[in-house]
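Shown next, in structure tokens, is the structure this report addresses.
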Amino acid sequence: MKPKDLKNILGDLEEPTAEKKLKVERDEVLDEIVSRIHAGFERQLSRDWDAPKVINFEKDKIPPQAISRFADSIFAYKDEKEFLNTAYEFIIKLIQNSYNAGHNDFSLRLPWQNYYCGNRIVGPAGTPEKKLRIEIKNGVGEFAFFGAENISVKITGSAAYNLGSRSCDSDFTVLGNVKDHCGYEAAKVSYEICGNADEFMLSWSKDCKALVHKNAGKFCGAFAKNPNITVLGRVGHGFTMQATKTALQAIMEKNET
């Protein structure tokens, strides 16, 4: 076989297309944004307010991909409460900033708890015309999405207690289980829980509904106004039966319509 000369070898090399060049440029820009997010997070963790401010939550237009990369890089990095609080608050701010800049459809891992007692981190918030959509690729900690407005959340894992407490005009889909007080004091919020729901679900809520595919604990819908709760498995005692439909009731109502 005749050996190839340099011209033929170069001819065999793939010429970078405009699309590939654009992808490289986009990745480089994304890497730079993620680097700045990390610097901003370290600044907030250390509370070194004299350090240069590298993230402006009011003006920066942060793409969802950068938030996903950042969240993945610090997932389960520490378990101290102070870190968990700061991480949750920081990512909620990133999501709100990105949404306000016109982005949507966020997909990330969010394991952190909203620990601040008496002063929970609130949000995020979308609009009635365009709900803020988030997919969490694992479970969430306690008081996740406390006080959120006009959001649509899918959680592929389970949720700790008080998921969506005091939220309004939102919907939550949880593929796993949900701990107690889910939807506490919420308004016009809907839940679909593919696993089990613990006690006091939708307690003190207003105009909320829930579909629980497995079992629900006691006192679901306690002191709620206009609750609509369907449980396809077993239900606990207390106020539950006043506000809850069993699987048989749900099937009978469906057949009547």
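The way I read the labels, and the way they are meant: chains A, B, ... in the order of the structure tokens, residue 1 as the first residue of every chain, and ligand 1 as the first ligand shown, with later ones counted on from there.
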Which residues of segment 79-189 of chain A have any atom within 8 Å of an atom in segment 208-215 of chain A when counting only C-alpha atoms, and what is the closest pair of atoms for each, with the distance in Å to one decimal? Order the rows by chain and rising number and write it as a tab-separated table.
```
residue	atom	partner	partner_atom	distance
A:Ala186	CA	A:Cys208	CA	7.2
A:Ala187	CA	A:Cys208	CA	6.0
A:Lys188	CA	A:Cys208	CA	4.8
A:Val189	CA	A:Cys208	CA	4.9
```
Legend entry - Near-Arg36 of chain A list (12 Å; only C-alpha atoms; drop same-chain fewer than 5 positions) as JSON, numbers by chain: {"A": [29, 30, 31, 41, 42, 43, 52, 53, 54, 55, 56, 60, 62, 66, 67, 70]}
Once you have the residues from the selection above, write them out as a CSV table (one decimal), in the first residue's frame, restricted to C-alpha atoms.
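Below you can see out-v4.csv, which holds the result:
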```
chain,number,residue,atom,x,y,z
A,29,VAL,CA,-18.7,30.6,28.1
A,30,LEU,CA,-20.7,28.1,30.3
A,31,ASP,CA,-17.5,27.1,32.1
A,41,PHE,CA,-20.9,30.8,46.5
A,42,GLU,CA,-17.5,30.6,48.3
A,43,ARG,CA,-17.9,34.3,49.1
A,52,PRO,CA,-15.1,41.2,45.0
A,53,LYS,CA,-18.7,40.5,44.1
A,54,VAL,CA,-18.7,38.2,41.1
A,55,ILE,CA,-22.4,37.3,40.8
A,56,ASN,CA,-25.1,40.0,40.5
A,60,ASP,CA,-26.7,38.6,35.5
A,62,ILE,CA,-27.5,32.9,34.2
A,66,ALA,CA,-24.8,26.6,34.4
A,67,ILE,CA,-27.1,26.2,37.5
A,70,PHE,CA,-23.0,24.1,39.7
```
Inset, instruction - Please identify all polymer residues within 9 Å of Ile121 of chain A, counting only C-alpha atoms, omitting same-chain residues fewer than 6 positions from it, and present them as a ChimeraX atom specification. - result: /A:85,88-89,92,114-115,143-147
Inset, instruction - Using only C-alpha atoms, pick whichever of A:Asn104, A:Asn228, A:Thr86, A:Asn177 has the shortest atom-to-atom distance to Pro64 of chain A. - result: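 Of A:Asn104, A:Asn228, A:Thr86, A:Asn177, the one nearest Pro64 of chain A is A:Asn104, counting only C-alpha atoms.
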Inset, instruction - as a list in words, please: all residues of segment 86-232 of chain A that backbone DSSP puts in alpha helix (DSSP H). - result: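 Output for segment 86-232 of chain A, alpha helix (DSSP H) only: Thr86, Ala87, Tyr88, Glu89, Phe90, Ile91, Ile92, Lys93, Leu94, Ile95, Gln96, Asn97, Ser98, Tyr99 and Asn100 of chain A.
In this model, the gap between atom CA of Phe172 of chain A and atom CA of Cys194 of chain A comes to 11.0 Å.
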Inset, instruction - May I have the residues within 10 Å of Val153 of chain A as a PyMOL selection string, using only C-alpha atoms and disregarding those fewer than 2 positions away in the same chain? - result: chain A and resi 105-107+131-136+145+150-151+155-156+164+170-174+191
Selected residues written out, C-alpha atoms, as a tab-separated table (two decimals), in the first residue's frame:
```tsv
chain	number	residue	atom	x	y	z
A	105	ASP	CA	-37.25	24.36	32.55
A	106	PHE	CA	-34.61	23.87	35.24
A	107	SER	CA	-33.24	20.39	35.89
A	131	LYS	CA	-45.20	28.94	35.60
A	132	LEU	CA	-41.60	28.39	36.67
A	133	ARG	CA	-40.85	24.72	35.86
A	134	ILE	CA	-38.30	22.69	37.83
A	135	GLU	CA	-37.32	19.02	37.76
A	136	ILE	CA	-35.37	17.76	40.78
A	145	PHE	CA	-40.13	25.47	48.06
A	150	ASN	CA	-46.69	29.81	40.40
A	151	ILE	CA	-44.18	26.98	40.12
A	155	ILE	CA	-39.28	15.43	42.15
A	156	THR	CA	-37.94	12.04	41.08
A	164	GLY	CA	-44.50	23.43	49.52
A	170	SER	CA	-48.41	25.73	42.21
A	171	ASP	CA	-48.25	22.00	41.56
A	172	PHE	CA	-45.91	19.28	42.80
A	173	THR	CA	-45.35	15.77	41.45
A	174	VAL	CA	-43.35	13.44	43.72
A	191	TYR	CA	-49.97	17.40	44.71
```
Inset, instruction - Just the strand (DSSP E or B) stuff from segment 71-185 of chain A, please, per backbone DSSP, written as a list in words. - result: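 These are the residues in question: Phe106, Ser107, Leu108, Ala125, Leu132, Arg133, Ile134, Glu135, Ile136, Val140, Glu149, Ile151, Ser152, Val153, Lys154, Ile155, Ala159, Cys168, Asp171, Phe172, Thr173, Val174 and Val178 of chain A.
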Let's have the selection written as a PDB file, in the first residue's frame, with C-alpha atoms.
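Generated file (out-v6.pdb):
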```pdb
ATOM      1  CA  PHE A 106     -34.605  23.871  35.241  1.00  0.00           C
ATOM      2  CA  SER A 107     -33.237  20.386  35.891  1.00  0.00           C
ATOM      3  CA  LEU A 108     -30.903  19.823  38.843  1.00  0.00           C
ATOM      4  CA  ALA A 125     -41.816  32.575  42.081  1.00  0.00           C
ATOM      5  CA  LEU A 132     -41.603  28.385  36.670  1.00  0.00           C
ATOM      6  CA  ARG A 133     -40.850  24.723  35.859  1.00  0.00           C
ATOM      7  CA  ILE A 134     -38.297  22.694  37.827  1.00  0.00           C
ATOM      8  CA  GLU A 135     -37.317  19.019  37.761  1.00  0.00           C
ATOM      9  CA  ILE A 136     -35.369  17.755  40.777  1.00  0.00           C
ATOM     10  CA  VAL A 140     -35.481  17.260  48.558  1.00  0.00           C
ATOM     11  CA  GLU A 149     -45.649  30.965  43.858  1.00  0.00           C
ATOM     12  CA  ILE A 151     -44.176  26.984  40.116  1.00  0.00           C
ATOM     13  CA  SER A 152     -44.465  23.469  38.722  1.00  0.00           C
ATOM     14  CA  VAL A 153     -42.090  20.953  40.313  1.00  0.00           C
ATOM     15  CA  LYS A 154     -41.334  17.309  39.548  1.00  0.00           C
ATOM     16  CA  ILE A 155     -39.283  15.428  42.155  1.00  0.00           C
ATOM     17  CA  ALA A 159     -39.507  14.788  49.950  1.00  0.00           C
ATOM     18  CA  CYS A 168     -49.688  29.091  46.305  1.00  0.00           C
ATOM     19  CA  ASP A 171     -48.249  21.996  41.558  1.00  0.00           C
ATOM     20  CA  PHE A 172     -45.910  19.283  42.801  1.00  0.00           C
ATOM     21  CA  THR A 173     -45.353  15.767  41.452  1.00  0.00           C
ATOM     22  CA  VAL A 174     -43.350  13.444  43.715  1.00  0.00           C
ATOM     23  CA  VAL A 178     -43.612  12.620  51.207  1.00  0.00           C
TER      24      VAL A 178
END
```
Inset, instruction - Report the distance between atom CA of Ser190 of chain A and atom CA of Asp207 of chain A in Å, rounded to one decimal place. - result: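 Result for atom CA of Ser190 of chain A versus atom CA of Asp207 of chain A: 9.0 Å, one decimal.
Our summary of the geometry notes that atom CA of Gly195 of chain A is positioned 22.1 Å from atom CA of Ala224 of chain A.
Nearest-residue note for Leu94 of chain A: choosing from A:Ala71, A:Ala39, A:Leu232, A:Ala197, the minimum distance belongs to A:Ala71, counting only C-alpha atoms.
When only C-alpha atoms are used to compute distances to Trp204 of chain A, the closest of the residues A:Ser165, A:Glu32, A:Ala216, A:Glu192 turns out to be A:Ser165.
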